[in-house]
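Undergrad: Sharing run.pdb below, PDB, C-alpha atoms:
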ATOM      1  CA  MET A   1     216.973  72.985  33.883  1.00  0.00           C
ATOM      2  CA  PRO A   2     218.999  75.734  32.193  1.00  0.00           C
ATOM      3  CA  LEU A   3     218.083  76.844  28.682  1.00  0.00           C
ATOM      4  CA  TYR A   4     220.180  78.911  26.381  1.00  0.00           C
ATOM      5  CA  GLN A   5     219.144  81.795  24.219  1.00  0.00           C
ATOM      6  CA  GLN A   6     221.148  83.429  21.498  1.00  0.00           C
ATOM      7  CA  CYS A   7     221.634  87.124  22.132  1.00  0.00           C
ATOM      8  CA  GLN A   8     223.778  89.458  20.017  1.00  0.00           C
ATOM      9  CA  GLY A   9     225.908  86.622  18.711  1.00  0.00           C
ATOM     10  CA  CYS A  10     226.612  85.055  22.123  1.00  0.00           C
ATOM     11  CA  TRP A  11     225.036  82.318  24.199  1.00  0.00           C
ATOM     12  CA  HIS A  12     223.778  83.461  27.615  1.00  0.00           C
ATOM     13  CA  GLN A  13     222.470  81.072  30.250  1.00  0.00           C
ATOM     14  CA  THR A  14     219.058  81.827  31.668  1.00  0.00           C
ATOM     15  CA  SER A  15     216.701  79.841  33.871  1.00  0.00           C
ATOM     16  CA  HIS A  16     213.344  78.683  32.643  1.00  0.00           C
ATOM     17  CA  PRO A  17     211.481  76.916  35.487  1.00  0.00           C
ATOM     18  CA  GLY A  18     208.439  76.152  33.346  1.00  0.00           C
ATOM     19  CA  VAL A  19     210.248  73.569  31.240  1.00  0.00           C
ATOM     20  CA  SER A  20     211.207  70.203  32.667  1.00  0.00           C
ATOM     21  CA  GLU A  21     214.032  67.892  31.717  1.00  0.00           C
ATOM     22  CA  ALA A  22     211.622  65.130  30.665  1.00  0.00           C
ATOM     23  CA  SER A  23     209.895  67.367  28.115  1.00  0.00           C
ATOM     24  CA  MET A  24     213.105  68.532  26.424  1.00  0.00           C
ATOM     25  CA  GLY A  25     215.614  65.768  26.024  1.00  0.00           C
ATOM     26  CA  SER A  26     216.299  63.337  23.258  1.00  0.00           C
ATOM     27  CA  TRP A  27     215.981  59.679  24.072  1.00  0.00           C
ATOM     28  CA  GLY A  28     218.975  58.230  25.843  1.00  0.00           C
ATOM     29  CA  GLU A  29     220.280  54.779  26.407  1.00  0.00           C
ATOM     30  CA  GLY A  30     218.627  54.407  29.789  1.00  0.00           C
ATOM     31  CA  GLN A  31     219.978  57.794  30.927  1.00  0.00           C
ATOM     32  CA  ARG A  32     218.326  61.094  31.635  1.00  0.00           C
ATOM     33  CA  PRO A  33     218.755  63.868  29.042  1.00  0.00           C
ATOM     34  CA  LYS A  34     221.801  66.096  29.315  1.00  0.00           C
ATOM     35  CA  PRO A  35     221.375  69.884  29.433  1.00  0.00           C
ATOM     36  CA  ASP A  36     223.129  70.606  26.167  1.00  0.00           C
ATOM     37  CA  PHE A  37     220.288  71.773  23.961  1.00  0.00           C
ATOM     38  CA  ARG A  38     219.823  75.145  22.269  1.00  0.00           C
ATOM     39  CA  LEU A  39     216.815  77.111  21.079  1.00  0.00           C
ATOM     40  CA  GLU A  40     216.711  78.458  17.538  1.00  0.00           C
ATOM     41  CA  VAL A  41     215.460  82.014  17.675  1.00  0.00           C
ATOM     42  CA  ARG A  42     216.053  83.025  14.068  1.00  0.00           C
ATOM     43  CA  GLU A  43     214.217  81.652  11.010  1.00  0.00           C
ATOM     44  CA  PRO A  44     212.836  78.437  12.566  1.00  0.00           C
ATOM     45  CA  TRP A  45     211.157  77.613   9.245  1.00  0.00           C
ATOM     46  CA  LYS A  46     214.588  76.631   7.912  1.00  0.00           C
ATOM     47  CA  ARG A  47     214.835  73.924  10.537  1.00  0.00           C
ATOM     48  CA  TRP A  48     211.461  72.451   9.562  1.00  0.00           C
ATOM     49  CA  LEU A  49     212.409  72.643   5.881  1.00  0.00           C
ATOM     50  CA  HIS A  50     215.584  70.737   6.699  1.00  0.00           C
ATOM     51  CA  VAL A  51     213.633  68.119   8.682  1.00  0.00           C
ATOM     52  CA  GLY A  52     211.111  67.767   5.837  1.00  0.00           C
ATOM     53  CA  LYS A  53     213.930  67.119   3.367  1.00  0.00           C
ATOM     54  CA  TRP A  54     215.318  64.324   5.544  1.00  0.00           C
ATOM     55  CA  LEU A  55     211.850  62.832   6.002  1.00  0.00           C
ATOM     56  CA  SER A  56     210.817  62.980   2.342  1.00  0.00           C
ATOM     57  CA  PRO A  57     211.524  59.220   1.794  1.00  0.00           C
ATOM     58  CA  PHE A  58     209.113  58.430   4.630  1.00  0.00           C
ATOM     59  CA  PHE A  59     206.325  60.534   3.133  1.00  0.00           C
ATOM     60  CA  VAL A  60     206.929  59.175  -0.382  1.00  0.00           C
ATOM     61  CA  THR A  61     206.801  55.549   0.781  1.00  0.00           C
ATOM     62  CA  CYS A  62     203.647  56.274   2.797  1.00  0.00           C
ATOM     63  CA  ALA A  63     202.041  57.701  -0.338  1.00  0.00           C
ATOM     64  CA  VAL A  64     203.073  54.617  -2.329  1.00  0.00           C
ATOM     65  CA  TYR A  65     201.552  52.343   0.293  1.00  0.00           C
ATOM     66  CA  PHE A  66     198.195  54.123   0.312  1.00  0.00           C
ATOM     67  CA  LEU A  67     198.105  54.464  -3.479  1.00  0.00           C
ATOM     68  CA  LEU A  68     198.743  50.737  -3.976  1.00  0.00           C
ATOM     69  CA  TRP A  69     196.536  49.854  -0.980  1.00  0.00           C
ATOM     70  CA  ILE A  70     198.323  46.578  -0.391  1.00  0.00           C
ATOM     71  CA  PRO A  71     195.972  45.277   2.377  1.00  0.00           C
ATOM     72  CA  GLU A  72     193.271  44.688  -0.223  1.00  0.00           C
ATOM     73  CA  ASP A  73     195.575  42.416  -2.229  1.00  0.00           C
ATOM     74  CA  PRO A  74     196.558  38.793  -1.483  1.00  0.00           C
ATOM     75  CA  PRO A  75     199.512  38.488   0.933  1.00  0.00           C
ATOM     76  CA  SER A  76     202.884  38.766  -0.818  1.00  0.00           C
ATOM     77  CA  TRP A  77     206.477  39.711  -0.127  1.00  0.00           C
ATOM     78  CA  LEU A  78     205.976  42.802  -2.271  1.00  0.00           C
ATOM     79  CA  GLY A  79     203.102  43.832  -0.033  1.00  0.00           C
ATOM     80  CA  ALA A  80     205.245  43.247   3.049  1.00  0.00           C
ATOM     81  CA  LEU A  81     208.059  45.369   1.613  1.00  0.00           C
ATOM     82  CA  VAL A  82     205.785  48.254   0.669  1.00  0.00           C
ATOM     83  CA  LYS A  83     204.187  48.208   4.127  1.00  0.00           C
ATOM     84  CA  CYS A  84     207.575  48.148   5.896  1.00  0.00           C
ATOM     85  CA  LEU A  85     209.327  50.820   3.839  1.00  0.00           C
ATOM     86  CA  PRO A  86     207.995  53.902   5.716  1.00  0.00           C
ATOM     87  CA  VAL A  87     209.154  52.516   9.061  1.00  0.00           C
ATOM     88  CA  LEU A  88     212.527  51.492   7.624  1.00  0.00           C
ATOM     89  CA  CYS A  89     212.931  55.020   6.259  1.00  0.00           C
ATOM     90  CA  LEU A  90     212.362  56.382   9.759  1.00  0.00           C
ATOM     91  CA  ALA A  91     215.024  54.037  11.120  1.00  0.00           C
ATOM     92  CA  LEU A  92     217.493  55.322   8.516  1.00  0.00           C
ATOM     93  CA  TYR A  93     216.502  58.884   9.365  1.00  0.00           C
ATOM     94  CA  LEU A  94     217.278  58.313  13.042  1.00  0.00           C
ATOM     95  CA  ARG A  95     220.610  56.745  12.182  1.00  0.00           C
ATOM     96  CA  ALA A  96     221.533  59.713  10.002  1.00  0.00           C
ATOM     97  CA  ARG A  97     220.582  62.144  12.776  1.00  0.00           C
ATOM     98  CA  GLY A  98     222.645  60.315  15.377  1.00  0.00           C
ATOM     99  CA  SER A  99     219.764  59.173  17.571  1.00  0.00           C
ATOM    100  CA  PRO A 100     220.181  56.495  20.269  1.00  0.00           C
ATOM    101  CA  SER A 101     219.983  52.874  19.165  1.00  0.00           C
ATOM    102  CA  LEU A 102     216.879  51.923  21.180  1.00  0.00           C
ATOM    103  CA  PRO A 103     214.315  53.829  19.054  1.00  0.00           C
ATOM    104  CA  ARG A 104     215.996  52.562  15.887  1.00  0.00           C
ATOM    105  CA  ALA A 105     215.761  48.983  17.164  1.00  0.00           C
ATOM    106  CA  ALA A 106     212.092  49.573  18.021  1.00  0.00           C
ATOM    107  CA  LEU A 107     211.435  50.666  14.443  1.00  0.00           C
ATOM    108  CA  LEU A 108     213.174  47.575  13.069  1.00  0.00           C
ATOM    109  CA  CYS A 109     211.054  45.341  15.310  1.00  0.00           C
ATOM    110  CA  SER A 110     207.982  47.205  14.088  1.00  0.00           C
ATOM    111  CA  ALA A 111     208.990  46.518  10.493  1.00  0.00           C
ATOM    112  CA  VAL A 112     209.197  42.789  11.294  1.00  0.00           C
ATOM    113  CA  GLY A 113     205.733  43.023  12.853  1.00  0.00           C
ATOM    114  CA  ASP A 114     204.406  44.802   9.765  1.00  0.00           C
ATOM    115  CA  ALA A 115     205.688  42.014   7.552  1.00  0.00           C
ATOM    116  CA  CYS A 116     204.257  39.272   9.752  1.00  0.00           C
ATOM    117  CA  LEU A 117     200.801  40.841   9.860  1.00  0.00           C
ATOM    118  CA  ILE A 118     200.563  40.587   6.076  1.00  0.00           C
ATOM    119  CA  TRP A 119     199.914  36.867   6.569  1.00  0.00           C
ATOM    120  CA  PRO A 120     197.026  36.020   8.942  1.00  0.00           C
ATOM    121  CA  GLN A 121     198.715  32.808  10.112  1.00  0.00           C
ATOM    122  CA  ALA A 122     201.698  34.880  11.343  1.00  0.00           C
ATOM    123  CA  PHE A 123     199.581  37.149  13.538  1.00  0.00           C
ATOM    124  CA  PHE A 124     201.088  35.831  16.776  1.00  0.00           C
ATOM    125  CA  TYR A 125     204.630  36.505  15.540  1.00  0.00           C
ATOM    126  CA  GLY A 126     203.614  39.980  14.453  1.00  0.00           C
ATOM    127  CA  MET A 127     202.206  40.701  17.902  1.00  0.00           C
ATOM    128  CA  ALA A 128     205.428  39.417  19.488  1.00  0.00           C
ATOM    129  CA  ALA A 129     207.501  41.692  17.244  1.00  0.00           C
ATOM    130  CA  PHE A 130     205.415  44.717  18.168  1.00  0.00           C
ATOM    131  CA  ALA A 131     205.582  43.800  21.847  1.00  0.00           C
ATOM    132  CA  SER A 132     209.374  43.817  21.499  1.00  0.00           C
ATOM    133  CA  ALA A 133     209.185  47.223  19.819  1.00  0.00           C
ATOM    134  CA  HIS A 134     207.089  48.593  22.668  1.00  0.00           C
ATOM    135  CA  LEU A 135     209.519  47.232  25.258  1.00  0.00           C
ATOM    136  CA  LEU A 136     212.347  49.044  23.475  1.00  0.00           C
ATOM    137  CA  TYR A 137     210.280  52.237  23.339  1.00  0.00           C
ATOM    138  CA  LEU A 138     209.533  51.824  27.031  1.00  0.00           C
ATOM    139  CA  TRP A 139     213.209  51.402  27.847  1.00  0.00           C
ATOM    140  CA  ALA A 140     214.099  54.467  25.786  1.00  0.00           C
ATOM    141  CA  LEU A 141     211.404  56.657  27.335  1.00  0.00           C
ATOM    142  CA  GLY A 142     212.727  55.872  30.810  1.00  0.00           C
ATOM    143  CA  TRP A 143     211.123  56.080  34.230  1.00  0.00           C
ATOM    144  CA  ALA A 144     212.112  59.531  35.467  1.00  0.00           C
ATOM    145  CA  PRO A 145     210.187  61.525  36.421  1.00  0.00           C
ATOM    146  CA  LEU A 146     207.669  58.894  37.521  1.00  0.00           C
ATOM    147  CA  ARG A 147     204.429  60.952  37.737  1.00  0.00           C
ATOM    148  CA  PRO A 148     202.108  58.076  38.722  1.00  0.00           C
ATOM    149  CA  ARG A 149     199.054  60.318  38.534  1.00  0.00           C
ATOM    150  CA  LEU A 150     199.228  60.099  34.722  1.00  0.00           C
ATOM    151  CA  LEU A 151     198.860  56.326  34.986  1.00  0.00           C
ATOM    152  CA  LEU A 152     195.308  56.615  36.348  1.00  0.00           C
ATOM    153  CA  PRO A 153     193.593  57.798  33.105  1.00  0.00           C
ATOM    154  CA  VAL A 154     195.505  55.145  31.167  1.00  0.00           C
ATOM    155  CA  VAL A 155     194.213  52.423  33.500  1.00  0.00           C
ATOM    156  CA  LEU A 156     190.643  53.759  33.441  1.00  0.00           C
ATOM    157  CA  VAL A 157     190.552  53.594  29.642  1.00  0.00           C
ATOM    158  CA  CYS A 158     192.661  50.542  28.832  1.00  0.00           C
ATOM    159  CA  ILE A 159     191.284  48.036  31.339  1.00  0.00           C
ATOM    160  CA  PRO A 160     187.572  48.262  30.352  1.00  0.00           C
ATOM    161  CA  TYR A 161     188.446  48.236  26.658  1.00  0.00           C
ATOM    162  CA  SER A 162     190.720  45.213  27.105  1.00  0.00           C
ATOM    163  CA  VAL A 163     188.036  43.312  29.036  1.00  0.00           C
ATOM    164  CA  ILE A 164     185.563  43.855  26.184  1.00  0.00           C
ATOM    165  CA  LEU A 165     188.084  42.614  23.623  1.00  0.00           C
ATOM    166  CA  LEU A 166     188.980  39.564  25.694  1.00  0.00           C
ATOM    167  CA  LEU A 167     185.366  38.401  25.423  1.00  0.00           C
ATOM    168  CA  HIS A 168     185.804  38.188  21.645  1.00  0.00           C
ATOM    169  CA  LEU A 169     189.311  36.764  21.418  1.00  0.00           C
ATOM    170  CA  PRO A 170     190.174  33.099  20.792  1.00  0.00           C
ATOM    171  CA  PRO A 171     191.262  31.444  24.072  1.00  0.00           C
ATOM    172  CA  ASP A 172     194.838  30.918  22.867  1.00  0.00           C
ATOM    173  CA  LEU A 173     195.283  34.664  22.299  1.00  0.00           C
ATOM    174  CA  ALA A 174     193.917  35.823  25.652  1.00  0.00           C
ATOM    175  CA  LEU A 175     197.194  35.627  27.583  1.00  0.00           C
ATOM    176  CA  PRO A 176     199.466  37.089  24.863  1.00  0.00           C
ATOM    177  CA  PHE A 177     196.946  39.861  24.260  1.00  0.00           C
ATOM    178  CA  SER A 178     196.871  40.732  27.974  1.00  0.00           C
ATOM    179  CA  GLY A 179     200.669  40.960  28.077  1.00  0.00           C
ATOM    180  CA  TYR A 180     200.758  43.088  24.936  1.00  0.00           C
ATOM    181  CA  THR A 181     198.114  45.431  26.304  1.00  0.00           C
ATOM    182  CA  LEU A 182     200.067  45.860  29.529  1.00  0.00           C
ATOM    183  CA  VAL A 183     203.244  46.859  27.672  1.00  0.00           C
ATOM    184  CA  LEU A 184     201.370  49.221  25.353  1.00  0.00           C
ATOM    185  CA  SER A 185     199.653  50.856  28.328  1.00  0.00           C
ATOM    186  CA  LEU A 186     203.018  51.452  29.982  1.00  0.00           C
ATOM    187  CA  VAL A 187     204.343  53.029  26.785  1.00  0.00           C
ATOM    188  CA  LEU A 188     201.314  55.316  26.702  1.00  0.00           C
ATOM    189  CA  TRP A 189     201.923  56.321  30.317  1.00  0.00           C
ATOM    190  CA  ARG A 190     205.600  57.091  29.784  1.00  0.00           C
ATOM    191  CA  GLY A 191     204.824  58.944  26.559  1.00  0.00           C
ATOM    192  CA  LEU A 192     202.322  61.151  28.380  1.00  0.00           C
ATOM    193  CA  VAL A 193     204.939  61.859  31.041  1.00  0.00           C
ATOM    194  CA  ARG A 194     207.505  62.822  28.444  1.00  0.00           C
ATOM    195  CA  GLY A 195     205.230  65.224  26.586  1.00  0.00           C
ATOM    196  CA  PRO A 196     204.943  66.005  22.878  1.00  0.00           C
ATOM    197  CA  PRO A 197     205.763  64.699  20.379  1.00  0.00           C
ATOM    198  CA  ALA A 198     206.265  61.407  22.236  1.00  0.00           C
ATOM    199  CA  SER A 199     202.894  61.728  23.981  1.00  0.00           C
ATOM    200  CA  TRP A 200     201.075  62.131  20.660  1.00  0.00           C
ATOM    201  CA  GLY A 201     203.021  59.239  19.193  1.00  0.00           C
ATOM    202  CA  ALA A 202     202.027  56.959  22.077  1.00  0.00           C
ATOM    203  CA  LEU A 203     198.400  58.088  21.827  1.00  0.00           C
ATOM    204  CA  PHE A 204     198.265  57.429  18.077  1.00  0.00           C
ATOM    205  CA  PHE A 205     199.891  54.010  18.550  1.00  0.00           C
ATOM    206  CA  THR A 206     197.301  53.085  21.175  1.00  0.00           C
ATOM    207  CA  LEU A 207     194.483  54.297  18.927  1.00  0.00           C
ATOM    208  CA  SER A 208     195.843  52.352  15.958  1.00  0.00           C
ATOM    209  CA  ASP A 209     196.123  49.091  17.901  1.00  0.00           C
ATOM    210  CA  SER A 210     192.713  49.575  19.521  1.00  0.00           C
ATOM    211  CA  VAL A 211     190.990  50.099  16.167  1.00  0.00           C
ATOM    212  CA  LEU A 212     192.878  47.141  14.660  1.00  0.00           C
ATOM    213  CA  ALA A 213     191.831  44.794  17.488  1.00  0.00           C
ATOM    214  CA  TRP A 214     188.195  45.891  17.279  1.00  0.00           C
ATOM    215  CA  HIS A 215     188.224  45.625  13.484  1.00  0.00           C
ATOM    216  CA  MET A 216     189.682  42.097  13.566  1.00  0.00           C
ATOM    217  CA  PHE A 217     187.960  40.481  16.539  1.00  0.00           C
ATOM    218  CA  VAL A 218     184.721  42.357  17.280  1.00  0.00           C
ATOM    219  CA  ARG A 219     183.294  43.751  14.068  1.00  0.00           C
ATOM    220  CA  PRO A 220     184.718  45.322  10.896  1.00  0.00           C
ATOM    221  CA  LEU A 221     184.744  49.113  11.011  1.00  0.00           C
ATOM    222  CA  PRO A 222     184.123  51.414   8.013  1.00  0.00           C
ATOM    223  CA  HIS A 223     187.510  52.401   6.632  1.00  0.00           C
ATOM    224  CA  GLY A 224     189.054  50.512   9.548  1.00  0.00           C
ATOM    225  CA  ARG A 225     192.288  49.633   7.747  1.00  0.00           C
ATOM    226  CA  LEU A 226     192.738  53.221   6.595  1.00  0.00           C
ATOM    227  CA  VAL A 227     192.355  54.506  10.154  1.00  0.00           C
ATOM    228  CA  VAL A 228     194.731  51.854  11.492  1.00  0.00           C
ATOM    229  CA  MET A 229     197.550  52.569   9.059  1.00  0.00           C
ATOM    230  CA  THR A 230     197.172  56.354   9.093  1.00  0.00           C
ATOM    231  CA  THR A 231     197.407  56.536  12.873  1.00  0.00           C
ATOM    232  CA  TYR A 232     200.165  53.899  12.898  1.00  0.00           C
ATOM    233  CA  TYR A 233     202.463  55.771  10.535  1.00  0.00           C
ATOM    234  CA  ALA A 234     201.724  59.034  12.357  1.00  0.00           C
ATOM    235  CA  ALA A 235     202.633  57.366  15.654  1.00  0.00           C
ATOM    236  CA  GLN A 236     205.946  56.060  14.363  1.00  0.00           C
ATOM    237  CA  LEU A 237     206.799  59.447  12.868  1.00  0.00           C
ATOM    238  CA  LEU A 238     206.091  61.313  16.108  1.00  0.00           C
ATOM    239  CA  LEU A 239     208.027  58.804  18.207  1.00  0.00           C
ATOM    240  CA  ALA A 240     210.939  59.067  15.785  1.00  0.00           C
ATOM    241  CA  LEU A 241     210.914  62.871  15.931  1.00  0.00           C
ATOM    242  CA  SER A 242     210.955  62.740  19.712  1.00  0.00           C
ATOM    243  CA  ALA A 243     214.125  60.626  19.545  1.00  0.00           C
ATOM    244  CA  VAL A 244     216.169  63.040  17.429  1.00  0.00           C
ATOM    245  CA  PRO A 245     218.898  64.750  19.463  1.00  0.00           C
ATOM    246  CA  ARG A 246     218.663  68.524  19.547  1.00  0.00           C
ATOM    247  CA  SER A 247     221.863  70.316  18.699  1.00  0.00           C
ATOM    248  CA  ARG A 248     223.053  73.880  18.551  1.00  0.00           C
ATOM    249  CA  HIS A 249     222.126  75.812  15.391  1.00  0.00           C
ATOM    250  CA  LYS A 250     223.744  79.232  15.182  1.00  0.00           C
ATOM    251  CA  SER A 251     222.326  81.652  12.697  1.00  0.00           C
ATOM    252  CA  PRO A 252     224.819  83.434  10.461  1.00  0.00           C
TER     253      PRO A 252
END
Starting from the file, lay out its structure as structure tokens.
TA:
Amino acid sequence: MPLYQQCQGCWHQTSHPGVSEASMGSWGEGQRPKPDFRLEVREPWKRWLHVGKWLSPFFVTCAVYFLLWIPEDPPSWLGALVKCLPVLCLALYLRARGSPSLPRAALLCSAVGDACLIWPQAFFYGMAAFASAHLLYLWALGWAPLRPRLLLPVVLVCIPYSVILLLHLPPDLALPFSGYTLVLSLVLWRGLVRGPPASWGALFFTLSDSVLAWHMFVRPLPHGRLVVMTTYYAAQLLLALSAVPRSRHKSP
């Protein structure tokens, strides 16, 4: 796929065979990325400073959540709001940056799941909301290129772990859990195909859900909730960053 480099005030097209389309594009609405991206070659720190400014509400709301440590308190609508705010901030960030609607919808479904999981009796609805979020992520990540060889390590890890968890689950959760695990495994596969930061986001999401399931159904883990929420927010951030369209930035 052609890349573009800025040279003496002009854009010149050069080939770069080591970079694939799947690793470069922003998420589309079921379409492959278009070759309209540019590389910043001057003062890249300004770009990261700009991104950090846009993401400051996310980091502030994350800090508020961990400072209040809502999971230790009785379930409440305030707790649900504080838990959802970081993900809602990411959805607003994607809207402001002109990202496709699928990742934004996935974040909104995740926020619904966050709220439901505040109340133990709404666990099934929370799992359904997160399954919907993963389906939207899966749709946005796409299926090209396929790269089935990356599915093998996902299968080798997810199937044994899921079998162990199924032995500890209530019978009424076995089927929904199996369906959820299948969707999450597919998201992990497609994230690995896409490359960073989507691959890291999918990995952190899988780690977060795996620790949460073990913590809830097998045995409580030391600092389990802290690990779950830290990896969860990191996953959503990385998936959001992978969905931001790249645009041309010319240096003055």
Undergrad: Between A:Pro176, A:Pro245, A:Gly195, A:Gly113, which one has atoms that come closest to Ser99 (chain A), using all atoms listed in the file?
TA: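 Under the stated criterion, the closest residue is A:Pro245.
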Undergrad: Measure the distance from CA of Ser208 (chain A) to CA of Leu150 (chain A) in Å and round it to one decimal.
TA: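 Straight-line distance from CA of Ser208 (chain A) to CA of Leu150 (chain A) works out to 20.6 Å.
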Undergrad: List as a ChimeraX atom specification the protein and nucleic acid residues near Pro148 (chain A), meaning an atom at most 10 Å away when only C-alpha atoms are counted, but skip any in the same chain fewer than 2 places from it.
TA: /A:145-146,150-152,189-190,193
Undergrad: Return the single residue from A:Leu203, A:Ile164, A:Met216, A:Leu169 that is closest to Ala235 (chain A), with distances computed using only C-alpha atoms.
TA: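 Nearest candidate to Ala235 (chain A) out of A:Leu203, A:Ile164, A:Met216, A:Leu169: A:Leu203.
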Undergrad: Select, counting only C-alpha atoms, all protein, DNA and RNA residues no farther than 8 Å from (202.0, 59.3, 20.7) in file coordinates, and express the selection as a PyMOL selection string.
TA: chain A and resi 188+191-192+196-206+235+238-239
Undergrad: To one decimal place, how far is CA of Tyr161 (chain A) from CA of Pro222 (chain A) in Å?
TA: 19.4 Å
Undergrad: Determine the residue membership of the PyMOL selection byres ((chain A and resi 103) around 9) for the file above and supply it as a PyMOL selection string.
TA: chain A and resi 27+91+94+99-102+104-108+133+136-137+140+239-240+243
Undergrad: What gap, in Å, lies between CA of Trp139 (chain A) and CA of Leu241 (chain A)?
TA: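 Atom-to-atom, CA of Trp139 (chain A) and CA of Leu241 (chain A) are spaced 16.7 Å apart.
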Undergrad: Between A:Pro86, A:Val187, A:Trp119, A:Ile159, which has the minimum distance to Ala131 (chain A) (counting all atoms listed in the file)?
TA: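 Comparing A:Pro86, A:Val187, A:Trp119, A:Ile159 against Ala131 (chain A), the winner is A:Val187.
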Undergrad: Skip Asp172 (chain A) itself and residues of its chain fewer than 6 positions away, then list as number ranges by chain all residues within 12 Å of it, counting all atoms listed in the file.
TA: A: 124, 166, 178
Undergrad: With C-alpha atoms retained, could you export that selection as a PDB file, keeping the file's coordinate frame?
TA:
ATOM      1  CA  PHE A 124     201.088  35.831  16.776  1.00  0.00           C
ATOM      2  CA  LEU A 166     188.980  39.564  25.694  1.00  0.00           C
ATOM      3  CA  SER A 178     196.871  40.732  27.974  1.00  0.00           C
TER       4      SER A 178
END
Undergrad: With only C-alpha atoms counted, which protein, DNA or RNA residues have an atom no more than 12 Å from (193.8, 53.6, 6.3) in the file frame? Please answer as a compact mmCIF listing (two decimals) with C-alpha atoms, in the frame of the given file.
TA:
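Final output, saved to result39.txt:
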# COMPACT_ATOMS: atom_id res chain seq x y z
CA CYS A 62 203.65 56.27 2.80
CA ALA A 63 202.04 57.70 -0.34
CA TYR A 65 201.55 52.34 0.29
CA PHE A 66 198.20 54.12 0.31
CA LEU A 67 198.10 54.46 -3.48
CA LEU A 68 198.74 50.74 -3.98
CA TRP A 69 196.54 49.85 -0.98
CA ILE A 70 198.32 46.58 -0.39
CA PRO A 71 195.97 45.28 2.38
CA GLU A 72 193.27 44.69 -0.22
CA LYS A 83 204.19 48.21 4.13
CA SER A 208 195.84 52.35 15.96
CA VAL A 211 190.99 50.10 16.17
CA LEU A 212 192.88 47.14 14.66
CA LEU A 221 184.74 49.11 11.01
CA PRO A 222 184.12 51.41 8.01
CA HIS A 223 187.51 52.40 6.63
CA GLY A 224 189.05 50.51 9.55
CA ARG A 225 192.29 49.63 7.75
CA LEU A 226 192.74 53.22 6.60
CA VAL A 227 192.36 54.51 10.15
CA VAL A 228 194.73 51.85 11.49
CA MET A 229 197.55 52.57 9.06
CA THR A 230 197.17 56.35 9.09
CA THR A 231 197.41 56.54 12.87
CA TYR A 232 200.16 53.90 12.90
CA TYR A 233 202.46 55.77 10.54
CA ALA A 234 201.72 59.03 12.36
Undergrad: For Val60 (chain A), which of A:Leu78, A:Cys89, A:Leu186, A:Leu167 is the closest residue, counting all atoms listed in the file?
TA: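 Of A:Leu78, A:Cys89, A:Leu186, A:Leu167, the one nearest Val60 (chain A), counting all atoms listed in the file, is A:Cys89.
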Undergrad: Will you model N, CA and C atoms for region 52-63 of chain A and pass it back as an mmCIF file, in the frame of the given file?
TA:
data_model
loop_
_atom_site.group_PDB
_atom_site.id
_atom_site.type_symbol
_atom_site.label_atom_id
_atom_site.label_comp_id
_atom_site.auth_asym_id
_atom_site.auth_seq_id
_atom_site.Cartn_x
_atom_site.Cartn_y
_atom_site.Cartn_z
ATOM 1 N N GLY A 52 211.953 68.296 6.900
ATOM 2 C CA GLY A 52 211.111 67.767 5.837
ATOM 3 C C GLY A 52 211.907 67.130 4.718
ATOM 4 N N LYS A 53 213.079 67.699 4.411
ATOM 5 C CA LYS A 53 213.930 67.119 3.367
ATOM 6 C C LYS A 53 214.437 65.747 3.794
ATOM 7 N N TRP A 54 214.839 65.612 5.056
ATOM 8 C CA TRP A 54 215.318 64.324 5.544
ATOM 9 C C TRP A 54 214.197 63.293 5.600
ATOM 10 N N LEU A 55 212.970 63.753 5.844
ATOM 11 C CA LEU A 55 211.850 62.832 6.002
ATOM 12 C C LEU A 55 211.104 62.573 4.695
ATOM 13 N N SER A 56 211.542 63.158 3.604
ATOM 14 C CA SER A 56 210.817 62.980 2.342
ATOM 15 C C SER A 56 210.701 61.510 1.924
ATOM 16 N N PRO A 57 211.725 60.636 2.138
ATOM 17 C CA PRO A 57 211.524 59.220 1.794
ATOM 18 C C PRO A 57 210.385 58.581 2.582
ATOM 19 N N PHE A 58 210.225 58.972 3.837
ATOM 20 C CA PHE A 58 209.113 58.430 4.630
ATOM 21 C C PHE A 58 207.775 58.820 4.021
ATOM 22 N N PHE A 59 207.604 60.089 3.677
ATOM 23 C CA PHE A 59 206.325 60.534 3.133
ATOM 24 C C PHE A 59 206.062 59.938 1.753
ATOM 25 N N VAL A 60 207.106 59.775 0.956
ATOM 26 C CA VAL A 60 206.929 59.175 -0.382
ATOM 27 C C VAL A 60 206.502 57.722 -0.251
ATOM 28 N N THR A 61 207.155 56.964 0.627
ATOM 29 C CA THR A 61 206.801 55.549 0.781
ATOM 30 C C THR A 61 205.414 55.385 1.410
ATOM 31 N N CYS A 62 205.025 56.305 2.276
ATOM 32 C CA CYS A 62 203.647 56.274 2.797
ATOM 33 C C CYS A 62 202.649 56.478 1.664
ATOM 34 N N ALA A 63 202.940 57.442 0.792
ATOM 35 C CA ALA A 63 202.041 57.701 -0.338
ATOM 36 C C ALA A 63 201.944 56.486 -1.251
#
